[in-house]
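Visitor: So I've got this file, coords00.pdb, and it contains PDB, C-alpha atoms:
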ATOM      1  CA  MET A 283      16.840 -96.301 -39.312
ATOM      2  CA  SER A 284      18.759 -97.548 -42.403
ATOM      3  CA  SER A 285      16.995 -98.989 -45.458
ATOM      4  CA  ASP A 286      18.269-102.481 -44.534
ATOM      5  CA  SER A 287      16.859-102.127 -41.017
ATOM      6  CA  GLU A 288      13.502-101.012 -42.390
ATOM      7  CA  LYS A 289      13.422-103.957 -44.801
ATOM      8  CA  ILE A 290      14.365-106.384 -41.999
ATOM      9  CA  SER A 291      11.702-104.969 -39.664
ATOM     10  CA  GLU A 292       9.011-105.263 -42.350
ATOM     11  CA  LYS A 293       9.927-108.854 -43.170
ATOM     12  CA  ILE A 294       9.983-109.916 -39.508
ATOM     13  CA  GLU A 295       6.533-108.361 -39.039
ATOM     14  CA  ILE A 296       5.289-110.338 -42.061
ATOM     15  CA  ALA A 297       6.774-113.526 -40.605
ATOM     16  CA  LEU A 298       5.107-112.898 -37.244
ATOM     17  CA  HIS A 299       1.710-112.546 -38.929
ATOM     18  CA  SER A 300       2.086-115.672 -41.028
ATOM     19  CA  PRO A 301      -0.013-118.634 -39.775
ATOM     20  CA  ASP A 302       2.374-121.207 -41.278
ATOM     21  CA  VAL A 303       5.547-122.036 -39.328
ATOM     22  CA  PHE A 304       7.470-123.084 -42.453
ATOM     23  CA  GLU A 305       6.636-119.822 -44.197
ATOM     24  CA  LYS A 306       7.745-117.946 -41.059
ATOM     25  CA  LYS A 307      11.107-119.692 -41.176
ATOM     26  CA  ASN A 308      11.568-119.067 -44.911
ATOM     27  CA  ILE A 309      10.957-115.351 -44.439
ATOM     28  CA  LEU A 310      13.264-115.234 -41.430
ATOM     29  CA  GLY A 311      15.915-117.032 -43.476
ATOM     30  CA  GLU A 312      15.743-114.203 -46.015
ATOM     31  CA  VAL A 313      16.063-111.708 -43.158
ATOM     32  CA  LEU A 314      19.137-113.522 -41.838
ATOM     33  CA  SER A 315      20.821-113.264 -45.253
ATOM     34  CA  ILE A 316      20.193-109.503 -45.338
ATOM     35  CA  ALA A 317      21.558-109.123 -41.792
ATOM     36  CA  LEU A 318      24.711-111.121 -42.554
ATOM     37  CA  GLU A 319      25.416-109.018 -45.652
ATOM     38  CA  ALA A 320      25.592-105.906 -43.439
ATOM     39  CA  HIS A 321      29.273-106.776 -42.717
ATOM     40  CA  GLN A 322      30.727-104.081 -40.410
ATOM     41  CA  ASP A 323      27.295-102.892 -39.324
ATOM     42  CA  ILE A 324      26.199-106.395 -38.443
ATOM     43  CA  ASN A 325      23.845-106.706 -35.478
ATOM     44  CA  MET A 326      24.970-109.874 -33.695
ATOM     45  CA  THR A 327      21.984-109.838 -31.327
ATOM     46  CA  LEU A 328      19.681-109.787 -34.368
ATOM     47  CA  VAL A 329      21.615-112.597 -36.065
ATOM     48  CA  ASP A 330      21.647-114.761 -32.942
ATOM     49  CA  ASN A 331      17.897-114.421 -32.371
ATOM     50  CA  LEU A 332      17.128-115.083 -36.040
ATOM     51  CA  GLU A 333      19.188-118.276 -35.917
ATOM     52  CA  HIS A 334      17.354-119.371 -32.746
ATOM     53  CA  SER A 335      14.029-118.556 -34.376
ATOM     54  CA  ILE A 336      14.770-120.537 -37.540
ATOM     55  CA  GLY A 337      15.964-123.483 -35.440
ATOM     56  CA  ALA A 338      12.935-123.488 -33.109
ATOM     57  CA  ARG A 339      10.399-126.321 -33.418
ATOM     58  CA  SER A 340       7.165-124.685 -32.341
ATOM     59  CA  SER A 341       5.489-121.656 -33.861
ATOM     60  CA  GLU A 342       5.456-120.024 -30.410
ATOM     61  CA  ARG A 343       9.257-120.273 -30.050
ATOM     62  CA  VAL A 344       9.768-119.065 -33.617
ATOM     63  CA  ASP A 345       7.710-115.974 -32.759
ATOM     64  CA  HIS A 346       9.453-115.506 -29.406
ATOM     65  CA  TYR A 347      12.921-115.193 -30.962
ATOM     66  CA  ALA A 348      11.589-113.241 -33.950
ATOM     67  CA  ARG A 349      10.207-110.604 -31.562
ATOM     68  CA  LYS A 350      13.564-110.419 -29.764
ATOM     69  CA  ALA A 351      15.222-109.966 -33.156
ATOM     70  CA  LEU A 352      12.799-107.146 -33.922
ATOM     71  CA  ASP A 353      13.534-105.521 -30.549
ATOM     72  CA  SER A 354      17.245-105.479 -31.350
ATOM     73  CA  ILE A 355      16.480-103.121 -34.249
ATOM     74  CA  ASN A 356      13.639-100.990 -32.943
ATOM     75  CA  LYS A 357      14.093-100.954 -29.186
ATOM     76  CA  ILE A 358      16.596 -99.028 -27.079
ATOM     77  CA  LYS A 359      17.132-100.454 -23.631
ATOM     78  CA  ASN A 360      19.659 -98.584 -21.547
ATOM     79  CA  ASN A 361      20.177 -96.646 -18.349
ATOM     80  CA  ARG A 362      21.672 -93.345 -17.198
ATOM     81  CA  ILE A 363      25.056 -94.924 -16.484
ATOM     82  CA  ASN A 364      26.336 -95.708 -19.996
ATOM     83  CA  ASP A 365      25.518 -95.692 -23.713
ATOM     84  CA  LEU A 366      25.023 -99.451 -24.034
ATOM     85  CA  ASN A 367      21.823-100.636 -25.693
ATOM     86  CA  LEU A 368      20.942-103.851 -23.863
ATOM     87  CA  ALA A 369      18.483-104.752 -26.605
ATOM     88  CA  ARG A 370      21.686-105.441 -28.597
ATOM     89  CA  TRP A 371      23.730-106.804 -25.711
ATOM     90  CA  LYS A 372      25.418-109.520 -27.787
ATOM     91  CA  ASP A 373      27.116-106.845 -29.882
ATOM     92  CA  TYR A 374      29.468-105.789 -27.077
ATOM     93  CA  ASP A 375      32.171-108.443 -27.347
ATOM     94  CA  GLU A 376      34.916-105.991 -26.343
ATOM     95  CA  ILE A 377      33.427-105.407 -22.888
ATOM     96  CA  ILE A 378      34.912-107.558 -20.121
ATOM     97  CA  THR A 379      32.353-108.680 -17.557
ATOM     98  CA  ASP A 380      34.567-111.109 -15.615
ATOM     99  CA  SER A 381      36.561-110.116 -12.532
ATOM    100  CA  LEU A 382      39.834-111.464 -14.006
ATOM    101  CA  TRP A 383      41.363-109.291 -16.734
ATOM    102  CA  ILE A 384      44.120-110.876 -18.832
ATOM    103  CA  MET A 385      45.707-108.297 -21.127
ATOM    104  CA  GLU A 386      48.652-109.587 -23.112
ATOM    105  CA  ARG A 387      49.810-106.221 -24.402
ATOM    106  CA  ARG A 388      48.995-102.563 -23.893
ATOM    107  CA  ASP A 389      47.217-100.456 -26.482
ATOM    108  CA  ARG A 390      49.854 -98.297 -28.209
ATOM    109  CA  THR A 391      47.581 -96.693 -30.797
ATOM    110  CA  LYS A 392      46.740 -93.032 -31.316
ATOM    111  CA  GLY A 393      48.566 -91.228 -28.537
ATOM    112  CA  HIS A 394      49.305 -94.086 -26.147
ATOM    113  CA  ASP A 395      52.837 -95.298 -25.401
ATOM    114  CA  ALA A 396      54.761 -96.982 -22.589
ATOM    115  CA  SER A 397      57.488 -94.358 -22.172
ATOM    116  CA  TYR A 398      56.513 -93.432 -18.612
ATOM    117  CA  TRP A 399      57.199 -95.838 -15.745
ATOM    118  CA  GLY A 400      54.016 -95.112 -13.877
ATOM    119  CA  ASN A 401      51.400 -95.303 -16.617
ATOM    120  CA  PHE A 402      48.833 -98.058 -16.796
ATOM    121  CA  VAL A 403      47.387 -99.916 -19.761
ATOM    122  CA  PRO A 404      44.833 -97.793 -21.666
ATOM    123  CA  GLN A 405      42.436-100.749 -21.744
ATOM    124  CA  ILE A 406      41.652-100.140 -18.055
ATOM    125  CA  PRO A 407      40.175 -96.623 -18.454
ATOM    126  CA  HIS A 408      38.618 -97.749 -21.750
ATOM    127  CA  GLN A 409      36.681-100.555 -20.053
ATOM    128  CA  LEU A 410      35.681 -98.353 -17.114
ATOM    129  CA  MET A 411      34.438 -95.529 -19.337
ATOM    130  CA  LEU A 412      32.425 -97.934 -21.494
ATOM    131  CA  ARG A 413      30.617 -99.312 -18.460
ATOM    132  CA  TYR A 414      30.241 -96.271 -16.204
ATOM    133  CA  THR A 415      30.043 -93.177 -18.429
ATOM    134  CA  ARG A 416      28.249 -91.820 -21.467
ATOM    135  CA  LYS A 417      29.550 -89.569 -24.226
ATOM    136  CA  GLY A 418      29.834 -86.044 -22.871
ATOM    137  CA  ASP A 419      30.255 -87.145 -19.241
ATOM    138  CA  TRP A 420      33.162 -85.897 -17.123
ATOM    139  CA  ILE A 421      36.074 -88.025 -15.874
ATOM    140  CA  LEU A 422      38.448 -87.023 -13.070
ATOM    141  CA  ASP A 423      41.957 -88.433 -12.745
ATOM    142  CA  PRO A 424      43.863 -87.090  -9.705
ATOM    143  CA  PHE A 425      47.063 -88.900 -10.811
ATOM    144  CA  VAL A 426      46.888 -88.254 -14.546
ATOM    145  CA  GLY A 427      50.646 -88.691 -15.118
ATOM    146  CA  SER A 428      51.461 -89.084 -18.812
ATOM    147  CA  GLY A 429      47.786 -88.727 -19.707
ATOM    148  CA  THR A 430      46.568 -92.273 -20.344
ATOM    149  CA  SER A 431      43.042 -91.729 -19.011
ATOM    150  CA  ALA A 432      42.791 -88.236 -20.558
ATOM    151  CA  ILE A 433      43.804 -89.549 -23.986
ATOM    152  CA  GLU A 434      41.307 -92.390 -23.713
ATOM    153  CA  ALA A 435      38.586 -89.963 -22.595
ATOM    154  CA  TYR A 436      39.270 -87.799 -25.653
ATOM    155  CA  ARG A 437      39.175 -90.804 -27.991
ATOM    156  CA  MET A 438      35.855 -91.909 -26.459
ATOM    157  CA  GLU A 439      34.310 -88.404 -26.528
ATOM    158  CA  ARG A 440      34.281 -87.975 -22.756
ATOM    159  CA  ASN A 441      35.473 -84.811 -21.046
ATOM    160  CA  ALA A 442      38.298 -85.081 -18.525
ATOM    161  CA  ILE A 443      39.997 -83.198 -15.720
ATOM    162  CA  GLY A 444      43.456 -84.402 -14.754
ATOM    163  CA  ILE A 445      45.781 -83.428 -11.912
ATOM    164  CA  ASP A 446      49.436 -84.267 -11.459
ATOM    165  CA  LEU A 447      52.249 -83.084  -9.215
ATOM    166  CA  ASN A 448      54.923 -83.323 -11.920
ATOM    167  CA  PRO A 449      54.838 -80.358 -14.367
ATOM    168  CA  THR A 450      57.237 -82.042 -16.811
ATOM    169  CA  ILE A 451      55.156 -85.179 -17.284
ATOM    170  CA  LEU A 452      52.018 -83.035 -17.435
ATOM    171  CA  SER A 453      53.558 -81.061 -20.297
ATOM    172  CA  SER A 454      54.215 -84.360 -22.072
ATOM    173  CA  ALA A 455      50.578 -85.388 -21.585
ATOM    174  CA  ASN A 456      49.379 -82.100 -23.106
ATOM    175  CA  ALA A 457      51.678 -82.618 -26.091
ATOM    176  CA  LYS A 458      50.253 -86.098 -26.686
ATOM    177  CA  LEU A 459      46.716 -84.746 -26.552
ATOM    178  CA  GLU A 460      47.567 -81.962 -28.988
ATOM    179  CA  ALA A 461      49.042 -84.516 -31.396
ATOM    180  CA  ILE A 462      45.803 -86.512 -31.606
ATOM    181  CA  ARG A 463      43.372 -83.600 -31.465
ATOM    182  CA  GLU A 464      40.866 -83.630 -34.299
ATOM    183  CA  GLU A 465      38.652 -80.811 -35.499
ATOM    184  CA  LYS A 466      35.511 -82.941 -35.188
ATOM    185  CA  MET A 467      36.268 -83.450 -31.468
ATOM    186  CA  ASP A 468      36.383 -79.762 -30.539
ATOM    187  CA  ASN A 469      33.346 -80.362 -28.334
ATOM    188  CA  VAL A 470      35.430 -82.583 -26.014
ATOM    189  CA  LYS A 471      37.104 -80.720 -23.164
ATOM    190  CA  ILE A 472      40.342 -81.972 -21.575
ATOM    191  CA  SER A 473      41.733 -79.886 -18.716
ATOM    192  CA  LEU A 474      45.048 -80.842 -17.076
ATOM    193  CA  HIS A 475      46.349 -79.116 -13.930
ATOM    194  CA  ASN A 476      49.605 -79.137 -12.006
ATOM    195  CA  GLY A 477      49.165 -79.559  -8.256
ATOM    196  CA  ASP A 478      48.867 -81.792  -5.205
ATOM    197  CA  SER A 479      45.674 -83.860  -5.523
ATOM    198  CA  SER A 480      45.275 -83.987  -1.756
ATOM    199  CA  MET A 481      45.381 -80.174  -1.461
ATOM    200  CA  ILE A 482      43.893 -78.732  -4.655
ATOM    201  CA  ASP A 483      40.371 -77.230  -4.770
ATOM    202  CA  TYR A 484      38.329 -79.708  -6.839
ATOM    203  CA  GLU A 485      35.198 -77.547  -6.869
ATOM    204  CA  LYS A 486      37.188 -74.674  -8.398
ATOM    205  CA  LEU A 487      38.713 -76.972 -11.025
ATOM    206  CA  LEU A 488      35.266 -78.161 -12.086
ATOM    207  CA  GLU A 489      33.882 -74.635 -12.163
ATOM    208  CA  ASN A 490      36.741 -73.412 -14.363
ATOM    209  CA  ALA A 491      36.294 -76.373 -16.713
ATOM    210  CA  GLY A 492      32.557 -75.807 -17.052
ATOM    211  CA  CYS A 493      31.719 -79.074 -15.300
ATOM    212  CA  ARG A 494      28.925 -79.476 -12.743
ATOM    213  CA  LYS A 495      29.656 -83.034 -11.556
ATOM    214  CA  ILE A 496      32.006 -85.847 -12.504
ATOM    215  CA  LYS A 497      30.664 -89.271 -13.419
ATOM    216  CA  LEU A 498      33.810 -91.336 -12.905
ATOM    217  CA  ALA A 499      37.009 -90.876 -10.898
ATOM    218  CA  ILE A 500      39.990 -93.038 -11.836
ATOM    219  CA  LEU A 501      42.764 -93.168  -9.236
ATOM    220  CA  HIS A 502      46.068 -94.748 -10.227
ATOM    221  CA  PRO A 503      48.428 -93.557  -7.475
ATOM    222  CA  PRO A 504      52.015 -94.646  -6.873
ATOM    223  CA  TYR A 505      52.123 -97.976  -5.047
ATOM    224  CA  HIS A 506      53.585 -96.083  -2.101
ATOM    225  CA  ASP A 507      57.396 -96.219  -2.305
ATOM    226  CA  ILE A 508      57.919 -99.043  -4.832
ATOM    227  CA  ILE A 509      58.974 -96.495  -7.480
ATOM    228  CA  LYS A 510      60.047 -93.010  -6.441
ATOM    229  CA  PHE A 511      58.754 -90.566  -9.027
ATOM    230  CA  SER A 512      60.162 -87.308  -7.642
ATOM    231  CA  GLU A 513      61.440 -85.520  -4.556
ATOM    232  CA  THR A 514      58.560 -83.036  -4.662
ATOM    233  CA  GLU A 515      56.739 -82.436  -1.400
ATOM    234  CA  GLY A 516      53.369 -84.152  -1.507
ATOM    235  CA  ASP A 517      54.502 -86.946  -3.856
ATOM    236  CA  LEU A 518      52.910 -90.145  -2.503
ATOM    237  CA  SER A 519      55.892 -92.182  -3.687
ATOM    238  CA  ILE A 520      58.085 -90.540  -1.044
ATOM    239  CA  CYS A 521      55.628 -90.676   1.860
ATOM    240  CA  PRO A 522      57.795 -91.456   4.887
ATOM    241  CA  ASP A 523      55.054 -93.500   6.466
ATOM    242  CA  GLN A 524      52.454 -95.930   5.123
ATOM    243  CA  ASP A 525      49.765 -94.440   7.351
ATOM    244  CA  ILE A 526      50.318 -91.018   5.781
ATOM    245  CA  PHE A 527      50.040 -92.590   2.322
ATOM    246  CA  LEU A 528      46.718 -94.232   3.226
ATOM    247  CA  GLU A 529      45.413 -91.056   4.856
ATOM    248  CA  LYS A 530      46.086 -89.098   1.641
ATOM    249  CA  ILE A 531      44.334 -91.742  -0.457
ATOM    250  CA  GLY A 532      41.319 -91.229   1.807
ATOM    251  CA  VAL A 533      41.502 -87.444   1.499
ATOM    252  CA  ILE A 534      41.572 -87.637  -2.299
ATOM    253  CA  ALA A 535      38.663 -90.116  -2.370
ATOM    254  CA  GLU A 536      36.627 -87.779  -0.158
ATOM    255  CA  LYS A 537      37.363 -84.851  -2.469
ATOM    256  CA  CYS A 538      36.234 -86.936  -5.443
ATOM    257  CA  ASN A 539      33.030 -87.859  -3.623
ATOM    258  CA  LYS A 540      32.100 -84.212  -3.100
ATOM    259  CA  VAL A 541      32.215 -83.401  -6.822
ATOM    260  CA  MET A 542      30.686 -86.676  -8.017
ATOM    261  CA  SER A 543      27.154 -87.208  -9.337
ATOM    262  CA  GLU A 544      24.834 -89.389  -7.260
ATOM    263  CA  ASP A 545      25.203 -92.269  -9.728
ATOM    264  CA  GLY A 546      28.968 -91.831  -9.977
ATOM    265  CA  HIS A 547      31.714 -94.435  -9.641
ATOM    266  CA  LEU A 548      35.297 -94.420  -8.399
ATOM    267  CA  ALA A 549      37.965 -96.872  -9.554
ATOM    268  CA  LEU A 550      41.231 -97.408  -7.695
ATOM    269  CA  VAL A 551      44.010 -99.114  -9.670
ATOM    270  CA  ILE A 552      46.733-100.297  -7.307
ATOM    271  CA  GLY A 553      48.981-103.218  -6.384
ATOM    272  CA  ASP A 554      50.514-104.606  -3.218
ATOM    273  CA  LYS A 555      54.169-104.525  -2.175
ATOM    274  CA  TYR A 556      56.848-106.361  -0.229
ATOM    275  CA  GLU A 557      58.641-104.773   2.709
ATOM    276  CA  ASN A 558      61.255-106.458   4.912
ATOM    277  CA  GLY A 559      60.204-109.888   3.698
ATOM    278  CA  ARG A 560      56.494-109.259   4.363
ATOM    279  CA  TRP A 561      53.643-108.930   1.884
ATOM    280  CA  ILE A 562      51.933-105.568   2.487
ATOM    281  CA  PRO A 563      48.286-105.656   1.249
ATOM    282  CA  LEU A 564      48.459-102.053   0.065
ATOM    283  CA  GLY A 565      45.491-102.524  -2.227
ATOM    284  CA  PHE A 566      43.112-103.700   0.473
ATOM    285  CA  LEU A 567      44.400-101.159   2.976
ATOM    286  CA  SER A 568      43.678 -98.409   0.436
ATOM    287  CA  MET A 569      40.275 -99.951  -0.288
ATOM    288  CA  ASN A 570      39.371 -99.690   3.394
ATOM    289  CA  GLU A 571      40.295 -95.985   3.449
ATOM    290  CA  ILE A 572      37.994 -95.274   0.507
ATOM    291  CA  LEU A 573      35.132 -97.202   2.115
ATOM    292  CA  LYS A 574      35.294 -94.694   4.975
ATOM    293  CA  LYS A 575      34.713 -91.771   2.592
ATOM    294  CA  GLY A 576      31.137 -92.322   1.417
ATOM    295  CA  PHE A 577      31.555 -95.212  -1.000
ATOM    296  CA  TYR A 578      30.298 -98.783  -1.313
ATOM    297  CA  LEU A 579      32.433-101.512  -2.868
ATOM    298  CA  LYS A 580      30.911-102.753  -6.141
ATOM    299  CA  SER A 581      33.598-105.066  -7.541
ATOM    300  CA  ILE A 582      37.186-106.197  -7.133
ATOM    301  CA  ILE A 583      38.912-106.901 -10.438
ATOM    302  CA  VAL A 584      42.260-108.672 -10.639
ATOM    303  CA  LYS A 585      44.424-107.793 -13.641
ATOM    304  CA  ASN A 586      47.566-109.572 -14.782
ATOM    305  CA  TYR A 587      50.748-107.617 -14.219
ATOM    306  CA  GLU A 588      53.922-108.136 -16.238
ATOM    307  CA  GLY A 589      56.307-106.047 -14.161
ATOM    308  CA  THR A 590      58.095-102.732 -14.570
ATOM    309  CA  LYS A 591      60.850-101.571 -16.914
ATOM    310  CA  GLY A 592      63.320-102.179 -14.107
ATOM    311  CA  LYS A 593      62.553-105.924 -14.046
ATOM    312  CA  ARG A 594      62.591-106.391 -17.800
ATOM    313  CA  GLY A 595      65.338-108.790 -18.880
ATOM    314  CA  SER A 596      65.977-109.964 -15.312
ATOM    315  CA  GLU A 597      63.216-112.575 -14.985
ATOM    316  CA  GLU A 598      65.650-115.363 -14.057
ATOM    317  CA  LEU A 599      67.183-113.272 -11.288
ATOM    318  CA  TRP A 600      63.744-112.524  -9.828
ATOM    319  CA  ARG A 601      62.796-116.197 -10.066
ATOM    320  CA  TYR A 602      65.963-117.109  -8.140
ATOM    321  CA  ARG A 603      65.186-114.466  -5.492
ATOM    322  CA  SER A 604      61.674-115.880  -5.176
ATOM    323  CA  LEU A 605      63.007-119.404  -4.642
ATOM    324  CA  ALA A 606      65.654-118.230  -2.203
ATOM    325  CA  GLY A 607      63.331-115.956  -0.230
ATOM    326  CA  GLY A 608      60.304-118.248  -0.154
ATOM    327  CA  TYR A 609      57.905-115.677  -1.580
ATOM    328  CA  TYR A 610      55.852-115.354  -4.759
ATOM    329  CA  LEU A 611      56.394-112.761  -7.486
ATOM    330  CA  PHE A 612      53.706-110.174  -8.121
ATOM    331  CA  LYS A 613      51.758-111.008 -11.263
ATOM    332  CA  HIS A 614      48.577-109.097 -10.514
ATOM    333  CA  GLU A 615      47.195-105.763  -9.460
ATOM    334  CA  TYR A 616      43.719-104.682  -8.418
ATOM    335  CA  ILE A 617      40.976-102.486  -9.772
ATOM    336  CA  PHE A 618      38.666-101.691  -6.862
ATOM    337  CA  LEU A 619      35.358-100.322  -8.129
ATOM    338  CA  PHE A 620      33.189 -98.221  -5.830
ATOM    339  CA  THR A 621      29.786 -96.551  -6.079
ATOM    340  CA  LYS A 622      28.830 -93.439  -4.201
ATOM    341  CA  LYS A 623      26.612 -94.032  -1.152
TER     342      LYS A 623
END
Since I need it in another form, could you write the structure as structure tokens?
Guide:
Amino acid sequence: MSSDSEKISEKIEIALHSPDVFEKKNILGEVLSIALEAHQDINMTLVDNLEHSIGARSSERVDHYARKALDSINKIKNNRINDLNLARWKDYDEIITDSLWIMERRDRTKGHDASYWGNFVPQIPHQLMLRYTRKGDWILDPFVGSGTSAIEAYRMERNAIGIDLNPTILSSANAKLEAIREEKMDNVKISLHNGDSSMIDYEKLLENAGCRKIKLAILHPPYHDIIKFSETEGDLSICPDQDIFLEKIGVIAEKCNKVMSEDGHLALVIGDKYENGRWIPLGFLSMNEILKKGFYLKSIIVKNYEGTKGKRGSEELWRYRSLAGGYYLFKHEYIFLFTKK
């Protein structure tokens, strides 16, 4: 505990033992000043409860909020799922708890870029890892691509195993990771492998990486044949049939389940598609396949979607096509969140 925290704790204890409500508030006012001077290390849960305490009318309510303020310093309230301290829950402004995610721009800092067509915004794995992992936990990404989730895992001190069918893009991901590697993070293990995620031996991958169980699987597959990524056998973007695509999604989910801890989570990031003038609910069809593989559905998150490189600069053309064809343009994709049964 820092010297400021010790001083704050002592003063709150003095306030709680004071019989005079005005003296309580004066002492708590001094505490609030100390807390606000902490600047970057400010405890917003502490500040909020102190303000409520000072504004309360009765001595009982003053004490109630003062005790909550004290808890935010001395008490740790968490679970096995993440590193969040719920005694300081008001400090986590960056965490999104709504089911609609509006992200105006992608994070391009420290290793992240938008050079690869198939990558997703780093904020997605960042949010998922904050909520469903702790430092030192293991992440599995069967479609690691240019390394977005692996880079984010490294930055957040999580270990990661990634698989991708494309050796060239995997080499690029390794280069990005090497560029941001820091000596102080040598304890973080990132292991990327070339192979077909529906065929590879997950148990062997974990064993070789020194991992017993994964805590979170993040699946960001191709949205079937919307963008063809390669001509390599096994590439989901060239599946000749939608049923085969869905079957492989199920196979990969089942493989993830077998190497996942009992309190593990799986996230599927995917969008829908149009085919022959019909909306194909690819996201929900894929969701149903995963539900058959030992998972419960926990949440459905809708994220705004600003289109691919191929549509950039042609917004007016797409608007015309929408008007002419009587359909609506995709502006969202899904994050389906599952827990293991």
Visitor: Can you measure CA of Met569 in chain A to CA of Leu550 in chain A for me? One decimal in Å is fine.
Guide: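 So the answer is 7.9 Å.
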Visitor: With all atoms listed in the file as the atoms that count, which of A:Leu573, A:Leu487, A:Lys495, A:Ser480 lies nearest to Ile534 in chain A?
Guide: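 Between A:Leu573, A:Leu487, A:Lys495, A:Ser480, the residue approaching Ile534 in chain A most closely is A:Ser480.
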Visitor: Would you kindly translate the PyMOL selection byres ((chain A and resi 347) around 10) into the concrete residues it picks from this file, as a ChimeraX atom specification?
Guide: /A:328,330-338,342-346,348-353
Visitor: Which distance in Å separates CA of Asn356 in chain A and CA of Asp380 in chain A, to one decimal?
Guide: 29.0 Å
Visitor: Would you translate the PyMOL selection byres ((chain A and resi 443) around 7) into the concrete set of residues it matches in this file, as JSON, numbers by chain?
Guide: {"A": [421, 422, 423, 442, 444, 445, 472, 473, 474]}
Visitor: Going by the chain IDs and residue numbers used in this file, which residues fall under the PyMOL selection byres ((chain A and resi 448-456) around 9)? Write them as a ChimeraX atom specification.
Guide: /A:398,426-430,432-433,445-447,457-461,474-477,511-512,514,517
Visitor: Tell me, as a PDB file with C-alpha atoms, keeping the file's coordinate frame, which residues lie within 9 Å of Trp383 in chain A, counting all atoms listed in the file; anything in the same chain fewer than 5 positions away does not count.
Guide:
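Wrote it out as part_15.pdb, contents follow:
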ATOM      1  CA  ILE A 378      34.912-107.558 -20.121  1.00  0.00           C
ATOM      2  CA  ILE A 583      38.912-106.901 -10.438  1.00  0.00           C
ATOM      3  CA  VAL A 584      42.260-108.672 -10.639  1.00  0.00           C
ATOM      4  CA  LYS A 585      44.424-107.793 -13.641  1.00  0.00           C
ATOM      5  CA  ASN A 586      47.566-109.572 -14.782  1.00  0.00           C
TER       6      ASN A 586
END
Visitor: Given the choices A:Leu611, A:Leu619, A:Leu599, A:Ile496, which gets closest to Ser543 in chain A if the distance is worked out from only C-alpha atoms?
Guide: A:Ile496
